[in-house]
$ cat run.txt   # compact mmCIF, C-alpha atoms
# COMPACT_ATOMS: atom_id res chain seq x y z
CA MET S 1 0.79 22.79 45.58
CA GLN S 2 -2.72 22.81 44.13
CA ARG S 3 -1.38 23.26 40.58
CA ARG S 4 1.12 20.40 41.02
CA ASP S 5 -1.66 18.14 42.33
CA PHE S 6 -3.84 19.12 39.35
CA ILE S 7 -1.03 18.34 36.88
CA ASN S 8 -0.29 14.97 38.50
CA LYS S 9 -4.00 14.05 38.50
CA THR S 10 -4.23 14.98 34.81
CA ILE S 11 -1.19 12.86 33.96
CA LEU S 12 -2.56 9.96 35.99
CA ALA S 13 -5.94 10.20 34.27
CA SER S 14 -4.29 10.29 30.81
CA ALA S 15 -2.12 7.29 31.66
CA THR S 16 -5.13 5.36 32.93
CA LEU S 17 -7.02 6.07 29.70
CA ALA S 18 -4.02 5.06 27.57
CA ALA S 19 -3.41 1.86 29.54
CA GLY S 20 -7.05 0.88 29.63
CA THR S 21 -6.69 -0.10 33.28
CA SER S 22 -5.84 1.46 36.64
CA ILE S 23 -2.30 2.67 37.36
CA VAL S 24 -1.23 0.69 40.41
CA TYR S 25 0.65 2.92 42.88
CA GLY S 26 -0.34 5.95 40.83
CA LYS S 27 -0.47 8.03 44.01
CA TYR S 28 3.31 7.73 44.23
CA LEU S 29 4.02 9.27 40.79
CA PRO S 30 7.03 11.62 41.18
CA LYS S 31 6.44 15.30 40.53
CA ASP S 32 6.20 16.10 36.80
CA TYR S 33 7.00 12.49 35.84
CA THR S 34 5.40 11.19 32.62
CA PRO S 35 4.66 7.43 32.69
CA LEU S 36 6.24 5.40 29.89
CA ILE S 37 2.88 4.68 28.31
CA LEU S 38 2.60 8.41 27.52
CA GLN S 39 6.20 8.73 26.28
CA ASP S 40 6.32 8.36 22.49
CA PRO S 41 3.63 5.66 22.53
CA ASP S 42 3.57 2.95 19.89
CA PRO S 43 0.53 3.99 17.81
CA PHE S 44 -0.09 0.46 16.56
CA THR S 45 -0.50 -0.82 20.10
CA LYS S 46 -2.10 2.39 21.40
CA PHE S 47 -4.84 2.36 18.76
CA GLY S 48 -4.98 -1.35 17.93
CA LYS S 49 -3.78 -0.82 14.36
CA ASP S 50 -2.14 -3.23 11.93
CA LYS S 51 1.65 -2.94 11.94
CA ASP S 52 1.63 -2.42 8.15
CA MET S 53 -0.19 0.90 8.44
CA ILE S 54 1.73 4.12 7.79
CA VAL S 55 2.14 6.90 10.36
CA LEU S 56 2.10 10.26 8.58
CA ASN S 57 2.07 12.44 11.68
CA ASP S 58 1.95 12.03 15.45
CA LYS S 59 1.00 15.58 16.52
CA PRO S 60 -1.80 15.21 15.66
CA TRP S 61 -2.14 11.51 14.87
CA ASN S 62 -2.60 10.77 11.17
CA ILE S 63 -2.27 7.12 10.19
CA GLU S 64 -2.96 5.61 6.78
CA SER S 65 -4.01 2.14 5.75
CA LYS S 66 -2.88 0.22 2.66
CA ALA S 67 -5.13 -1.22 -0.03
CA HIS S 68 -4.57 -4.88 0.88
CA LEU S 69 -5.43 -4.17 4.54
CA LEU S 70 -8.90 -2.99 3.48
CA ASN S 71 -10.04 -6.27 1.98
CA ASP S 72 -12.76 -6.93 4.60
CA LYS S 73 -16.27 -6.02 3.50
CA ILE S 74 -16.74 -4.21 6.82
CA THR S 75 -13.54 -2.43 7.83
CA PRO S 76 -12.21 -3.56 11.24
CA ASN S 77 -10.68 -1.03 13.60
CA LYS S 78 -7.17 -2.38 12.95
CA ALA S 79 -7.30 -1.19 9.32
CA MET S 80 -9.14 2.13 9.75
CA PHE S 81 -7.23 5.30 8.96
CA ILE S 82 -6.93 8.02 11.60
CA ARG S 83 -7.17 11.70 10.66
CA ASN S 84 -7.02 14.11 13.58
CA ASN S 85 -6.61 17.88 13.66
CA GLY S 86 -5.92 18.21 17.38
CA LEU S 87 -4.93 16.15 20.40
CA LEU S 88 -7.09 13.34 21.76
CA PRO S 89 -9.49 14.37 24.54
CA GLU S 90 -8.34 13.77 28.09
CA ASN S 91 -10.37 12.75 31.15
CA ILE S 92 -13.39 11.42 29.26
CA ASP S 93 -16.21 10.99 31.79
CA VAL S 94 -18.83 8.86 30.07
CA ASP S 95 -21.26 9.02 32.99
CA ASN S 96 -21.43 12.80 32.70
CA TRP S 97 -20.99 13.16 28.92
CA THR S 98 -23.67 15.29 27.30
CA LEU S 99 -24.72 16.48 23.86
CA THR S 100 -26.13 19.98 23.56
CA ILE S 101 -28.17 21.20 20.58
CA ASP S 102 -28.17 24.99 20.21
CA GLY S 103 -27.74 27.70 17.58
CA GLU S 104 -29.58 30.64 16.05
CA SER S 105 -32.01 28.36 14.24
CA ALA S 106 -32.81 26.01 17.13
CA LYS S 107 -36.21 26.62 18.71
CA ALA S 108 -34.54 26.04 22.07
CA SER S 109 -31.23 24.91 23.52
CA LYS S 110 -31.44 21.35 24.82
CA THR S 111 -28.93 19.01 26.47
CA TYR S 112 -29.07 15.21 26.47
CA SER S 113 -27.05 12.73 28.50
CA LEU S 114 -25.70 9.65 26.73
CA SER S 115 -28.29 7.48 28.46
CA GLU S 116 -31.09 9.84 27.37
CA LEU S 117 -29.95 9.71 23.75
CA LYS S 118 -29.85 5.93 23.83
CA SER S 119 -33.21 5.49 25.58
CA LYS S 120 -35.28 8.26 23.97
CA PHE S 121 -34.52 7.70 20.29
CA LYS S 122 -34.69 4.66 18.03
CA HIS S 123 -31.36 3.04 17.17
CA TYR S 124 -30.21 2.51 13.58
CA THR S 125 -27.22 0.62 12.15
CA TYR S 126 -25.66 1.43 8.77
CA GLN S 127 -22.47 0.65 6.92
CA LEU S 128 -21.11 4.09 6.00
CA THR S 129 -18.16 5.03 3.82
CA LEU S 130 -15.86 7.72 5.22
CA GLU S 131 -12.95 9.06 3.16
CA CYS S 132 -10.53 11.87 3.90
CA GLY S 133 -10.92 14.70 1.39
CA GLY S 134 -7.13 14.58 0.88
CA ASN S 135 -6.95 10.85 0.14
CA GLY S 136 -4.48 10.45 -2.75
CA ARG S 137 -2.92 13.89 -2.18
CA LYS S 138 0.66 12.71 -2.68
CA GLU S 139 0.04 12.04 -6.38
CA PHE S 140 -0.62 15.69 -7.23
CA ASN S 141 2.10 17.74 -8.92
CA PRO S 142 3.05 20.39 -8.00
CA PRO S 143 2.74 19.00 -4.46
CA ALA S 144 -0.08 20.30 -2.29
CA LYS S 145 0.41 21.13 1.38
CA GLY S 146 -0.87 18.74 4.02
CA ASN S 147 -0.40 15.10 4.95
CA GLN S 148 0.75 13.24 1.87
CA TRP S 149 -1.95 10.58 1.89
CA GLY S 150 -1.56 7.66 -0.47
CA LEU S 151 -4.82 5.79 -1.08
CA GLY S 152 -5.65 4.28 2.30
CA ALA S 153 -7.57 7.14 3.95
CA VAL S 154 -10.93 5.44 3.47
CA HIS S 155 -12.98 2.86 5.32
CA CYS S 156 -16.51 1.50 5.62
CA ALA S 157 -17.39 0.42 9.15
CA GLU S 158 -20.77 -0.42 10.63
CA TRP S 159 -22.07 2.44 12.80
CA THR S 160 -24.90 2.29 15.32
CA GLY S 161 -26.61 5.30 16.84
CA VAL S 162 -29.61 7.58 16.60
CA ARG S 163 -30.58 9.67 13.61
CA LEU S 164 -29.40 13.26 13.85
CA ARG S 165 -32.71 14.22 12.27
CA ASP S 166 -34.70 12.75 15.16
CA VAL S 167 -32.69 14.67 17.73
CA LEU S 168 -32.85 17.97 15.82
CA GLU S 169 -36.61 17.62 15.36
CA ASP S 170 -37.01 16.89 19.06
CA VAL S 171 -35.33 20.23 19.79
CA GLY S 172 -37.15 22.09 17.02
CA ILE S 173 -35.75 23.64 13.84
CA ASN S 174 -36.59 27.18 12.76
CA SER S 175 -37.48 27.79 9.12
CA ASP S 176 -34.31 29.84 8.50
CA ALA S 177 -31.97 26.91 9.26
CA VAL S 178 -29.40 26.27 6.52
CA TYR S 179 -26.52 24.41 8.17
CA ILE S 180 -25.35 22.52 11.24
CA GLY S 181 -21.94 22.82 12.88
CA TYR S 182 -20.36 20.52 15.43
CA HIS S 183 -18.15 21.21 18.45
CA ALA S 184 -16.04 18.52 20.10
CA ALA S 185 -13.79 17.66 23.03
CA ASP S 186 -10.47 17.33 21.17
CA ILE S 187 -7.69 19.70 22.23
CA HIS S 188 -6.01 22.35 20.07
CA LEU S 189 -2.33 21.63 19.39
CA SER S 190 -1.48 24.78 21.36
CA ARG S 191 -3.53 23.39 24.28
CA SER S 192 -5.32 26.73 24.42
CA PRO S 193 -8.82 26.16 25.86
CA ASP S 194 -10.05 29.06 23.72
CA LYS S 195 -9.21 27.38 20.40
CA GLU S 196 -10.95 24.53 18.57
CA PRO S 197 -8.85 22.27 16.31
CA ILE S 198 -11.77 21.78 13.92
CA SER S 199 -15.49 22.60 13.83
CA ARG S 200 -17.13 21.69 10.55
CA GLY S 201 -20.66 20.84 9.50
CA CYS S 202 -23.03 20.31 6.59
CA PRO S 203 -26.20 21.74 5.00
CA MET S 204 -29.54 20.84 6.55
CA ASP S 205 -30.51 18.38 3.82
CA LYS S 206 -27.44 16.28 4.62
CA ALA S 207 -28.01 16.66 8.37
CA LEU S 208 -31.60 15.43 7.93
CA GLN S 209 -30.65 12.46 5.74
CA ASP S 210 -31.80 9.13 7.19
CA GLU S 211 -28.25 7.75 7.33
CA THR S 212 -26.66 10.70 9.17
CA LEU S 213 -26.12 9.37 12.67
CA ILE S 214 -25.09 10.43 16.13
CA ALA S 215 -23.19 7.20 16.70
CA PHE S 216 -22.09 5.48 19.89
CA LYS S 217 -21.05 2.08 18.51
CA MET S 218 -18.72 0.99 15.72
CA ASN S 219 -18.82 -2.59 14.46
CA GLY S 220 -21.03 -3.52 17.40
CA GLU S 221 -18.70 -2.21 20.11
CA ASP S 222 -17.98 1.13 21.79
CA ILE S 223 -16.28 3.48 19.35
CA PRO S 224 -12.47 3.37 19.84
CA ILE S 225 -10.97 6.54 21.31
CA ALA S 226 -9.16 7.45 18.06
CA HIS S 227 -12.45 7.31 16.16
CA GLY S 228 -14.56 9.46 18.44
CA TYR S 229 -15.45 7.69 21.70
CA PRO S 230 -17.94 8.08 23.25
CA LEU S 231 -20.04 9.93 20.64
CA ARG S 232 -19.49 10.74 16.99
CA LEU S 233 -21.34 12.39 14.14
CA VAL S 234 -21.25 10.14 11.05
CA ALA S 235 -22.23 11.57 7.66
CA GLY S 236 -21.23 8.98 5.07
CA GLY S 237 -20.28 9.86 1.51
CA TRP S 238 -18.93 13.32 2.39
CA PRO S 239 -15.39 14.23 3.48
CA ALA S 240 -14.75 12.44 6.77
CA SER S 241 -14.04 15.83 8.39
CA VAL S 242 -17.82 16.40 8.40
CA SER S 243 -18.15 13.41 10.76
CA GLY S 244 -17.03 15.12 13.95
CA LYS S 245 -15.49 12.92 16.67
CA TRP S 246 -15.87 13.31 20.47
CA LEU S 247 -19.14 15.12 19.85
CA GLN S 248 -20.37 17.56 22.52
CA THR S 249 -22.45 20.22 20.72
CA ILE S 250 -24.34 20.61 17.46
CA SER S 251 -25.41 24.10 16.47
CA ILE S 252 -28.31 24.66 14.07
CA ARG S 253 -27.17 27.66 12.04
CA ASN S 254 -28.91 30.29 9.91
CA ILE S 255 -25.63 30.75 7.99
CA VAL S 256 -23.07 28.39 6.50
CA HIS S 257 -21.16 27.24 9.56
CA ASP S 258 -18.00 29.32 10.08
CA GLY S 259 -16.03 27.24 12.58
CA PRO S 260 -12.33 26.33 12.25
CA LYS S 261 -11.56 24.45 8.99
CA MET S 262 -14.78 25.77 7.40
CA THR S 263 -13.40 29.03 6.03
CA GLY S 264 -10.49 30.03 3.78
CA GLN S 265 -9.39 27.11 1.61
CA ALA S 266 -9.89 24.26 4.08
CA TYR S 267 -11.83 21.36 2.51
CA ARG S 268 -12.53 23.47 -0.56
CA VAL S 269 -11.64 23.16 -4.25
CA PRO S 270 -11.64 25.78 -7.01
CA CYS S 271 -15.17 26.44 -8.23
CA LYS S 272 -13.77 26.40 -11.77
CA PRO S 273 -10.79 24.39 -13.14
CA VAL S 274 -7.36 26.01 -12.69
CA ALA S 275 -3.90 25.35 -14.09
CA PRO S 276 -1.50 23.31 -11.92
CA GLY S 277 0.24 25.60 -9.43
CA GLU S 278 -2.14 28.50 -9.98
CA LYS S 279 -3.06 30.56 -6.91
CA VAL S 280 -6.77 30.75 -6.20
CA LYS S 281 -8.56 33.39 -4.12
CA ASP S 282 -10.55 32.20 -1.13
CA GLU S 283 -13.77 33.53 -2.60
CA ASP S 284 -13.22 31.36 -5.70
CA MET S 285 -13.09 28.14 -3.65
CA CYS S 286 -16.17 25.96 -3.07
CA ILE S 287 -16.86 23.66 -0.10
CA ILE S 288 -16.49 19.93 -0.82
CA GLU S 289 -19.74 18.07 -0.38
CA SER S 290 -20.45 14.62 -1.88
CA MET S 291 -17.21 12.75 -2.65
CA PRO S 292 -16.44 11.59 -6.22
CA VAL S 293 -16.74 8.06 -7.58
CA LYS S 294 -13.76 5.89 -6.66
CA SER S 295 -12.59 2.27 -6.30
CA LEU S 296 -9.82 0.25 -4.73
CA ILE S 297 -8.41 -3.20 -5.56
CA THR S 298 -7.85 -4.84 -2.19
CA TYR S 299 -6.83 -8.33 -3.36
CA PRO S 300 -4.28 -9.34 -4.42
CA LYS S 301 -1.60 -7.07 -3.01
CA THR S 302 0.26 -5.11 -5.67
CA GLY S 303 3.36 -6.97 -6.88
CA ALA S 304 1.67 -10.38 -7.05
CA THR S 305 3.27 -13.02 -9.28
CA LEU S 306 1.73 -15.97 -11.12
CA LYS S 307 2.56 -18.53 -13.78
CA LEU S 308 1.58 -18.15 -17.42
CA GLY S 309 -1.85 -19.77 -17.96
CA GLU S 310 -2.87 -19.18 -14.34
CA LYS S 311 -5.96 -17.00 -13.85
CA LEU S 312 -5.81 -13.99 -11.57
CA SER S 313 -8.81 -13.50 -9.31
CA PHE S 314 -9.15 -10.01 -7.83
CA ASN S 315 -11.63 -8.02 -5.77
CA GLY S 316 -12.15 -4.69 -4.06
CA HIS S 317 -14.60 -1.94 -3.18
CA ALA S 318 -16.17 1.01 -4.99
CA TRP S 319 -18.10 4.03 -3.69
CA ALA S 320 -19.56 7.27 -5.07
CA GLY S 321 -20.37 9.78 -2.34
CA ASP S 322 -24.15 10.25 -2.07
CA LEU S 323 -24.64 8.20 -5.27
CA GLU S 324 -24.35 4.50 -6.11
CA VAL S 325 -21.77 2.79 -8.31
CA LYS S 326 -23.54 1.37 -11.35
CA LYS S 327 -20.66 -0.18 -13.30
CA MET S 328 -17.24 -1.57 -12.42
CA GLU S 329 -14.58 -2.36 -15.03
CA TYR S 330 -10.98 -3.52 -15.21
CA SER S 331 -8.20 -3.21 -17.78
CA ILE S 332 -4.88 -5.07 -18.19
CA ASP S 333 -3.64 -3.01 -21.16
CA PHE S 334 -3.31 0.43 -19.56
CA GLY S 335 -6.86 1.44 -20.40
CA ALA S 336 -6.88 0.50 -24.11
CA THR S 337 -9.76 -1.92 -23.46
CA TRP S 338 -12.09 -2.43 -20.50
CA HIS S 339 -14.03 -5.44 -19.21
CA GLU S 340 -16.89 -5.51 -16.70
CA CYS S 341 -16.52 -6.89 -13.19
CA LYS S 342 -19.17 -8.41 -10.98
CA LEU S 343 -20.58 -5.62 -8.81
CA GLU S 344 -22.67 -6.09 -5.67
CA ALA S 345 -25.41 -3.70 -4.56
CA PRO S 346 -24.65 -1.62 -1.45
CA LYS S 347 -25.76 -3.00 1.91
CA ASN S 348 -27.50 0.35 2.44
CA LYS S 349 -27.24 3.85 1.01
CA LEU S 350 -23.73 5.31 1.48
CA ALA S 351 -22.07 1.90 1.99
CA TRP S 352 -19.28 0.95 -0.36
CA GLN S 353 -19.92 -1.82 -2.88
CA HIS S 354 -17.86 -4.92 -3.48
CA PHE S 355 -16.59 -5.99 -6.89
CA SER S 356 -14.74 -9.03 -8.16
CA GLY S 357 -13.36 -10.41 -11.39
CA SER S 358 -10.80 -12.71 -12.96
CA THR S 359 -8.49 -12.46 -15.92
CA ASP S 360 -5.64 -14.29 -17.63
CA PHE S 361 -2.60 -12.85 -19.39
CA PRO S 362 -1.45 -13.59 -22.94
CA GLU S 363 2.30 -13.92 -22.35
CA VAL S 364 5.11 -13.69 -19.82
CA GLY S 365 5.88 -10.16 -18.57
CA TYR S 366 4.81 -7.20 -16.49
CA TYR S 367 1.18 -6.08 -16.32
CA GLU S 368 -0.99 -3.66 -14.41
CA VAL S 369 -4.62 -4.30 -13.46
CA TRP S 370 -6.56 -1.03 -13.47
CA ALA S 371 -9.98 -0.56 -11.85
CA ARG S 372 -12.59 1.97 -12.95
CA ALA S 373 -15.96 2.71 -11.34
CA THR S 374 -18.87 4.61 -12.90
CA ASP S 375 -21.53 6.27 -10.74
CA SER S 376 -25.31 6.37 -11.16
CA ASN S 377 -25.03 9.69 -13.01
CA GLY S 378 -22.75 8.08 -15.61
CA LYS S 379 -19.53 9.73 -14.40
CA ALA S 380 -16.47 7.46 -14.44
CA GLN S 381 -13.15 7.68 -12.66
CA PRO S 382 -10.41 9.37 -14.70
CA MET S 383 -7.61 7.05 -15.79
CA VAL S 384 -5.02 9.57 -14.64
CA LEU S 385 -5.08 12.41 -12.12
CA PRO S 386 -8.14 14.67 -12.07
CA GLY S 387 -7.86 18.46 -12.13
CA TRP S 388 -5.15 19.90 -9.85
CA ASN S 389 -6.23 21.99 -6.87
CA PRO S 390 -4.20 23.91 -4.27
CA LYS S 391 -5.07 21.62 -1.33
CA GLY S 392 -4.72 18.31 -3.13
CA TYR S 393 -8.29 17.15 -2.60
CA LEU S 394 -10.50 14.62 -4.42
CA ASN S 395 -7.95 12.51 -6.26
CA ASN S 396 -10.11 9.73 -7.69
CA ALA S 397 -7.82 8.41 -10.43
CA CYS S 398 -8.10 4.71 -11.26
CA HIS S 399 -6.39 2.43 -8.79
CA ARG S 400 -3.95 -0.07 -10.25
CA ILE S 401 -1.86 -3.01 -9.04
CA ALA S 402 1.31 -4.49 -10.54
CA ILE S 403 1.36 -8.13 -11.69
CA LYS S 404 4.30 -10.20 -12.94
CA VAL S 405 3.68 -13.29 -15.07
CA SER S 406 6.51 -15.80 -15.43

$ encode --input "run.txt" --output "structure tokens"
Amino acid sequence: MQRRDFINKTILASATLAAGTSIVYGKYLPKDYTPLILQDPDPFTKFGKDKDMIVLNDKPWNIESKAHLLNDKITPNKAMFIRNNGLLPENIDVDNWTLTIDGESAKASKTYSLSELKSKFKHYTYQLTLECGGNGRKEFNPPAKGNQWGLGAVHCAEWTGVRLRDVLEDVGINSDAVYIGYHAADIHLSRSPDKEPISRGCPMDKALQDETLIAFKMNGEDIPIAHGYPLRLVAGGWPASVSGKWLQTISIRNIVHDGPKMTGQAYRVPCKPVAPGEKVKDEDMCIIESMPVKSLITYPKTGATLKLGEKLSFNGHAWAGDLEVKKMEYSIDFGATWHECKLEAPKNKLAWQHFSGSTDFPEVGYYEVWARATDSNGKAQPMVLPGWNPKGYLNNACHRIAIKVS
């Protein structure tokens, strides 16, 4: 009887969270009955996403945006990709949510409530670019395992929180610290309480960067459940897997963090170039850190048509990991010639930058507009696919849209 009561209470709590309101007559739920809201839920309604987004997986949820949905300078929730490794947390109790800082290189173990974090430390707001390391994976050949992301696993929202650095320094950092690792409330697909779906981290210099936040707001509101409510680590410019959702613990480590998805070949690329399809030993794979330079044309939508003599105005975003984008170019002749676009400075470090341009076309026919960004170190996007790797990471080939002139 106690187990049945526990199961029914868990189902009721999950349904309440999913509905966003109380379940009237919930006390009368039949034994082992699953409310409709938890039966094959519509992800667009469940997560407030645009109906044009693409569901790649539902266990766990992985949902991709499209280029034209990302036209806003600050990405709204409805267009933000979702990349999960486990199941969403259940029974989130905000009033009793805590963040613990521990680890071999912490001077002490310390636990903060949400209210303590918000009241004790200064708040900061930054626009931060987060991109899945596998964004663009489906273009690699031979195919790499994993969700076959197109190009929409990127966004730049506005995050508000406290600096991770301030919290770590409040606890105290030993001199042998080299890495941090996060632990979260998401649930392993097996539902085993002894397994974590993912527990990644970053070196101390990234953890101590001004813009690395413990965030509690996104675009001025509470973080949506799919993006880490009520607390999320946000480390812009690095693979989004570093930005742990549903944050509960951060460990200050004296070794490179060795949690799930930190070892083997997860979020790693060959340290040296390899031939397509070549097998690579784990020890010859290096952890992905700063993401490569990249850009996206977000207007117009690919397939646009116009009349001969009509100018095409276009715009989009560009980003470069920890660096800035210094030059933005476009081509309408498959890369034979390039022309500069107008490029805006970033709102803050690690925010994507907005570009715009216009062009006309010499005759009736089919064209492609290609976009190419160059970072502050002088490295430009490749016109075609970059070097193949076994996990299909870091595809930063030029984005292009199709145009028909009649």

$ closest_residue --input "run.txt" --among "S:Asp58, S:Glu64, S:Asp258, S:Asp282" --to "S:Ser199" --atoms "all atoms listed in the file"
S:Asp258

$ closest_residue --input "run.txt" --among "S:Val364, S:Ala15, S:Ala380, S:Cys286" --to "S:Met328" --atoms "only C-alpha atoms"
S:Ala380

$ closest_residue --input "run.txt" --among "S:Cys132, S:Ala336, S:Leu99, S:Val269" --to "S:Leu117" --atoms "only C-alpha atoms"
S:Leu99

$ atom_distance --input "run.txt" --atom1 "atom CA of S:Ala318" --atom2 "atom CA of S:Asn396"
11.0 Å

$ atom_distance --input "run.txt" --atom1 "atom CA of S:Val405" --atom2 "atom CA of S:Val384"
24.5 Å

$ residues_near_point --input "run.txt" --point "(-11.6, 12.9, -14.8)" --cutoff "12 Å" --atoms "all atoms listed in the file" --output "PyMOL selection string"
chain S and resi 273+292-294+372-374+379-388+394-398

$ atom_distance --input "run.txt" --atom1 "atom CA of S:Asn71" --atom2 "atom CA of S:Pro43"
21.6 Å

$ residues_around --input "run.txt" --residues "stretch 202-214 of chain S" --least-positions-apart "5" --cutoff "8 Å" --atoms "all atoms listed in the file" --output "PyMOL selection string"
chain S and resi 126+160-165+177-181+231-236+242+256-257+349-350

$ write_last_selection --input "run.txt" --atoms "C-alpha atoms" --output "PDB file, in the coordinates of the input"
ATOM      1  CA  TYR S 126     -25.660   1.430   8.770  1.00  0.00           C
ATOM      2  CA  THR S 160     -24.900   2.290  15.320  1.00  0.00           C
ATOM      3  CA  GLY S 161     -26.610   5.300  16.840  1.00  0.00           C
ATOM      4  CA  VAL S 162     -29.610   7.580  16.600  1.00  0.00           C
ATOM      5  CA  ARG S 163     -30.580   9.670  13.610  1.00  0.00           C
ATOM      6  CA  LEU S 164     -29.400  13.260  13.850  1.00  0.00           C
ATOM      7  CA  ARG S 165     -32.710  14.220  12.270  1.00  0.00           C
ATOM      8  CA  ALA S 177     -31.970  26.910   9.260  1.00  0.00           C
ATOM      9  CA  VAL S 178     -29.400  26.270   6.520  1.00  0.00           C
ATOM     10  CA  TYR S 179     -26.520  24.410   8.170  1.00  0.00           C
ATOM     11  CA  ILE S 180     -25.350  22.520  11.240  1.00  0.00           C
ATOM     12  CA  GLY S 181     -21.940  22.820  12.880  1.00  0.00           C
ATOM     13  CA  LEU S 231     -20.040   9.930  20.640  1.00  0.00           C
ATOM     14  CA  ARG S 232     -19.490  10.740  16.990  1.00  0.00           C
ATOM     15  CA  LEU S 233     -21.340  12.390  14.140  1.00  0.00           C
ATOM     16  CA  VAL S 234     -21.250  10.140  11.050  1.00  0.00           C
ATOM     17  CA  ALA S 235     -22.230  11.570   7.660  1.00  0.00           C
ATOM     18  CA  GLY S 236     -21.230   8.980   5.070  1.00  0.00           C
ATOM     19  CA  VAL S 242     -17.820  16.400   8.400  1.00  0.00           C
ATOM     20  CA  VAL S 256     -23.070  28.390   6.500  1.00  0.00           C
ATOM     21  CA  HIS S 257     -21.160  27.240   9.560  1.00  0.00           C
ATOM     22  CA  LYS S 349     -27.240   3.850   1.010  1.00  0.00           C
ATOM     23  CA  LEU S 350     -23.730   5.310   1.480  1.00  0.00           C
TER      24      LEU S 350
END

$ closest_residue --input "run.txt" --among "S:Asn85, S:Thr21, S:Asn135, S:Ser190" --to "S:Lys245" --atoms "only C-alpha atoms"
S:Asn85

$ closest_residue --input "run.txt" --among "S:Ala226, S:Leu306, S:Glu289, S:Ser119" --to "S:Arg200" --atoms "all atoms listed in the file"
S:Glu289

$ closest_residue --input "run.txt" --among "S:Asn84, S:His183, S:Val274, S:Thr129" --to "S:Glu324" --atoms "all atoms listed in the file"
S:Thr129

$ residues_around --input "run.txt" --residues "S:Ser65" --least-positions-apart "3" --cutoff "12 Å" --atoms "only C-alpha atoms" --output "ChimeraX atom specification"
/S:44,49-56,62,68-71,75-83,131-132,135-136,149-155,298

$ residues_around --input "run.txt" --residues "S:Gly103" --least-positions-apart "5" --cutoff "6 Å" --atoms "all atoms listed in the file" --output "number ranges by chain"
S: 251-253

$ residues_near_point --input "run.txt" --point "(5.1, -19.6, -16.6)" --cutoff "6 Å" --atoms "all atoms listed in the file" --output "ChimeraX atom specification"
/S:307-308,406

$ residues_around --input "run.txt" --residues "S:Lys73" --least-positions-apart "4" --cutoff "12 Å" --atoms "only C-alpha atoms" --output "list in words"
Leu69, Ala79, Gln127, Leu128, Thr129, His155, Cys156, Ala157, Glu158, Asn219, Thr298, Tyr299, Asn315, Gly316, His317, Ala318, Glu344, Pro346, Lys347, Ala351, Trp352, Gln353, His354 and Phe355 of chain S
